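Have a look at the structure below, then the notes.
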Amino acid sequence: MAALGELERSVMDLLWDHSEALTANAVRDFLADDDSKELAVTTVLTVLARLEKKGLVDRERHTRPHLYRPTATRAEHTASLMEDALGTAADREAVLVRFAGAISAGDADALRRVLAARATDEDASGFTARA
Amino acid sequence: MLLASYLLAALAVLLAWPVPVMLARAAWPARSPAAAMVLWQGIALAGGLSMIGAFLCWGLAPLESGLLPAIVTLAHAIINGQDLPHVDLIHVFALSLAAMLFGHLTLTLIRSAWRLGRMRQRHREMLRFLSTSGTPKPGAATPGTVVIEHATPLAYCLPGAGSLTVLSSGLLESLTERELRAVLAHESAHLDQRHDLLLLAFTSWHDALPWLPTTRMALQAVGELIEELADDAALRTAERSDLLGALAVVATAGQAASLTGEPGRGAGGSNAAAASGPTPASPRGHGSPSESLTSGRLHRLLNPPAPLSTGAARLTMSVGALLVVIPTVCLVATSWGI
């Protein structure tokens, strides 16, 4: 299962790094080039089917053999993860707890000012102590 | 049983309004977030119990027996389609309310847990595809920590089975190693102390009874308290100045990012409104340079209050536990005809 998971990731990385859609055979060949490990096309097809089910990959069925392409770019997926994380998604429930998540803009400013003031205080006292 | 129902109703009313309002306004929770947390749990649990128990006892009072025998008699009557003497429409109404309230609270909790679990599962799955392998800084090389490629300095934890702490590459770039360690200690305290379960309980408590303003107060207070607890845990291994420095960087960046991400919300308007609500997050400073802070968490980090004495903290926790014991004893005592 873990091995299959790793394979899924390698296939996604491959599809994300290619601008054009790939066939299962092409995916297998690229993977073989990268890791010099031989994979059966059926394994690659299984992985692609799983990725399609997860909504990460689109299959173009009007060509033979079928072509596979990512449903969204890596950057788009990262952006939607960040949306979850920053709580800008429609569902603002506590999916996760973010560091400094509940601190308002005004508080962030005030905190920076206080820290800056403390830093100058320390510099000044350090200076007098040395002098 | 009639007496028990009146006692429970009185307790339910106290726990639904004056008690949580007083706790939300109190200043001492900043001195002992753990004790305040136990108290909030006691209030919510005892509040729910006494609300349901009051309707149940009142509805079953005409049967003139203990709670359990009365429920058995009622069940028999329902199954066999018999009429019960002295049980009028109003009693049936009270019993239905008790059943509906119990079902509503339980179902809301189950539904929230299920939905959150599914959303976290999806998030975790996507992290598997998007996290970068290899950790650029030794501080981030902790097991259960992943890094995603994003310029905004950001850290969060994903609770549940296979919990993770997620850091953005922007965070690794903008924090010193010591600040990073403080962030990691804070996040792992959230995970170790299972703060997600507390948030789940109080989120569904609010979802179930959104018309009761104290459920929102409780949720806000609990949200603040878990941050304070995680801060305290982080300060056991990290320097206060490092934690504050990290907070300043992440809070500033997070604000900028969520504003560009959601232009319709205006200049932090809703955030500011939420933070300055009737919660413990009211300014408590007098003449300090951090007077303008609305966040109680930042305020106590900058001006650490003296912690409550061990005795006072223990007493508060006992009161929290006692709150749950009272309705339970009331319900049990009905068997002796109270």
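Scheme for the structure tokens: letters A, B, ... for chains in order shown; per-chain residue numbers from 1; ligand numbers from 1 in order shown.
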Contacts of chain B with chain A up to 6 Å, shortest pair per row, only C-alpha atoms, as a Markdown table:
| residue | atom | partner | partner_atom | distance |
| --- | --- | --- | --- | --- |
| B:Phe129 | CA | A:Arg9 | CA | 5.5 |
| B:Ala155 | CA | A:Phe99 | CA | 5.5 |
| B:Tyr156 | CA | A:Arg98 | CA | 4.2 |
| B:Cys157 | CA | A:Val97 | CA | 5.7 |
| B:Leu158 | CA | A:Leu96 | CA | 5.1 |
| B:Leu247 | CA | A:Ala100 | CA | 5.9 |
| B:Ala248 | CA | A:Arg112 | CA | 5.8 |
| B:Ala251 | CA | A:Ala100 | CA | 5.3 |
| B:Thr252 | CA | A:Ala108 | CA | 5.4 |
| B:Gln255 | CA | A:Ala105 | CA | 5.8 |
| B:Asn271 | CA | A:Ser104 | CA | 5.8 |
| B:Ala272 | CA | A:Ser104 | CA | 5.6 |
| B:Leu293 | CA | A:Asp107 | CA | 5.4 |
Exercise: Val41 (chain A) partners within 8 Å, only C-alpha atoms, chain neighbours under 3 positions left out, as a ChimeraX atom specification: /A:24-25,28,44-45
Distance criterion (only C-alpha atoms): nearest to Leu4 (chain A) out of A:Arg50, A:His18, A:His66, A:Lys37: A:Arg50
Test item, strand (DSSP E) assignment across region 110-221 of chain B, answer as a ChimeraX atom specification: /B:131-132,145-148,155-158,164-168
Please produce a file of the residues just selected, as a PDB file, in the first residue's frame, where the atoms kept are N, CA, C and O atoms.
ATOM      1  N   SER B 131       3.771  17.888  -0.488  1.00  0.00           N
ATOM      2  CA  SER B 131       4.870  18.230   0.414  1.00  0.00           C
ATOM      3  C   SER B 131       6.189  17.926  -0.277  1.00  0.00           C
ATOM      4  O   SER B 131       6.309  16.970  -1.025  1.00  0.00           O
ATOM      5  N   THR B 132       7.156  18.795  -0.015  1.00  0.00           N
ATOM      6  CA  THR B 132       8.466  18.581  -0.613  1.00  0.00           C
ATOM      7  C   THR B 132       9.216  17.565   0.226  1.00  0.00           C
ATOM      8  O   THR B 132       9.118  17.554   1.447  1.00  0.00           O
ATOM      9  N   THR B 145       6.537  16.079  10.515  1.00  0.00           N
ATOM     10  CA  THR B 145       6.573  17.444  10.009  1.00  0.00           C
ATOM     11  C   THR B 145       6.758  17.416   8.498  1.00  0.00           C
ATOM     12  O   THR B 145       7.638  16.725   8.015  1.00  0.00           O
ATOM     13  N   VAL B 146       5.914  18.117   7.770  1.00  0.00           N
ATOM     14  CA  VAL B 146       6.098  18.201   6.324  1.00  0.00           C
ATOM     15  C   VAL B 146       6.177  19.662   5.900  1.00  0.00           C
ATOM     16  O   VAL B 146       5.705  20.561   6.602  1.00  0.00           O
ATOM     17  N   VAL B 147       6.811  19.889   4.755  1.00  0.00           N
ATOM     18  CA  VAL B 147       6.998  21.236   4.243  1.00  0.00           C
ATOM     19  C   VAL B 147       6.298  21.351   2.899  1.00  0.00           C
ATOM     20  O   VAL B 147       6.401  20.454   2.058  1.00  0.00           O
ATOM     21  N   ILE B 148       5.516  22.437   2.710  1.00  0.00           N
ATOM     22  CA  ILE B 148       4.958  22.670   1.381  1.00  0.00           C
ATOM     23  C   ILE B 148       5.549  23.943   0.803  1.00  0.00           C
ATOM     24  O   ILE B 148       5.899  24.879   1.524  1.00  0.00           O
ATOM     25  N   ALA B 155       2.273  28.025   9.489  1.00  0.00           N
ATOM     26  CA  ALA B 155       2.444  26.763  10.204  1.00  0.00           C
ATOM     27  C   ALA B 155       1.089  26.357  10.741  1.00  0.00           C
ATOM     28  O   ALA B 155       0.332  27.195  11.221  1.00  0.00           O
ATOM     29  N   TYR B 156       0.769  25.071  10.609  1.00  0.00           N
ATOM     30  CA  TYR B 156      -0.464  24.583  11.217  1.00  0.00           C
ATOM     31  C   TYR B 156      -0.321  23.110  11.493  1.00  0.00           C
ATOM     32  O   TYR B 156       0.609  22.468  11.006  1.00  0.00           O
ATOM     33  N   CYS B 157      -1.253  22.596  12.312  1.00  0.00           N
ATOM     34  CA  CYS B 157      -1.199  21.166  12.543  1.00  0.00           C
ATOM     35  C   CYS B 157      -2.500  20.541  12.116  1.00  0.00           C
ATOM     36  O   CYS B 157      -3.556  21.159  12.143  1.00  0.00           O
ATOM     37  N   LEU B 158      -2.375  19.329  11.640  1.00  0.00           N
ATOM     38  CA  LEU B 158      -3.497  18.559  11.135  1.00  0.00           C
ATOM     39  C   LEU B 158      -3.694  17.406  12.103  1.00  0.00           C
ATOM     40  O   LEU B 158      -2.916  16.459  12.104  1.00  0.00           O
ATOM     41  N   LEU B 164      -0.041  15.566  11.659  1.00  0.00           N
ATOM     42  CA  LEU B 164       1.082  16.199  10.982  1.00  0.00           C
ATOM     43  C   LEU B 164       1.210  17.649  11.404  1.00  0.00           C
ATOM     44  O   LEU B 164       0.212  18.293  11.705  1.00  0.00           O
ATOM     45  N   THR B 165       2.440  18.150  11.431  1.00  0.00           N
ATOM     46  CA  THR B 165       2.655  19.585  11.514  1.00  0.00           C
ATOM     47  C   THR B 165       3.128  20.035  10.139  1.00  0.00           C
ATOM     48  O   THR B 165       4.036  19.430   9.567  1.00  0.00           O
ATOM     49  N   VAL B 166       2.458  21.046   9.589  1.00  0.00           N
ATOM     50  CA  VAL B 166       2.763  21.485   8.244  1.00  0.00           C
ATOM     51  C   VAL B 166       3.412  22.862   8.293  1.00  0.00           C
ATOM     52  O   VAL B 166       2.911  23.774   8.956  1.00  0.00           O
ATOM     53  N   LEU B 167       4.536  23.003   7.619  1.00  0.00           N
ATOM     54  CA  LEU B 167       5.241  24.277   7.554  1.00  0.00           C
ATOM     55  C   LEU B 167       5.354  24.680   6.095  1.00  0.00           C
ATOM     56  O   LEU B 167       5.507  23.828   5.225  1.00  0.00           O
ATOM     57  N   SER B 168       5.273  25.983   5.821  1.00  0.00           N
ATOM     58  CA  SER B 168       5.485  26.422   4.443  1.00  0.00           C
ATOM     59  C   SER B 168       6.961  26.737   4.258  1.00  0.00           C
ATOM     60  O   SER B 168       7.669  27.048   5.213  1.00  0.00           O
TER      61      SER B 168
END
For Arg59 (chain A), the nearest of the candidates A:Leu14, A:Leu39, A:Val27, A:Ala21, counting only C-alpha atoms: A:Ala21
DSSP helix (DSSP H, G or I) residues within chain A, listed as a PyMOL selection string: chain A and resi 2-17+24-35+41-53+74-86+105-130
Selection near Ala46 (chain B), 7 Å with only C-alpha atoms, sequence-local residues under 6 positions removed, as a ChimeraX atom specification: /B:323-324,327
Just N, CA and C atoms for this one: save the residues we selected as an mmCIF file, in the first residue's frame.
data_model
loop_
_atom_site.group_PDB
_atom_site.id
_atom_site.type_symbol
_atom_site.label_atom_id
_atom_site.label_comp_id
_atom_site.auth_asym_id
_atom_site.auth_seq_id
_atom_site.Cartn_x
_atom_site.Cartn_y
_atom_site.Cartn_z
ATOM 1 N N LEU B 323 -19.584 20.290 38.745
ATOM 2 C CA LEU B 323 -20.713 20.723 37.920
ATOM 3 C C LEU B 323 -21.322 19.539 37.202
ATOM 4 N N VAL B 324 -20.475 18.591 36.773
ATOM 5 C CA VAL B 324 -20.991 17.421 36.068
ATOM 6 C C VAL B 324 -21.600 16.440 37.052
ATOM 7 N N PRO B 327 -25.758 17.251 38.216
ATOM 8 C CA PRO B 327 -26.910 16.700 37.489
ATOM 9 C C PRO B 327 -26.933 15.184 37.486
#
For CA of Glu64 (chain B) and CA of Ala77 (chain B), the interatomic separation in Å (one decimal):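 Between CA of Glu64 (chain B) and CA of Ala77 (chain B) the gap works out to 15.1 Å.
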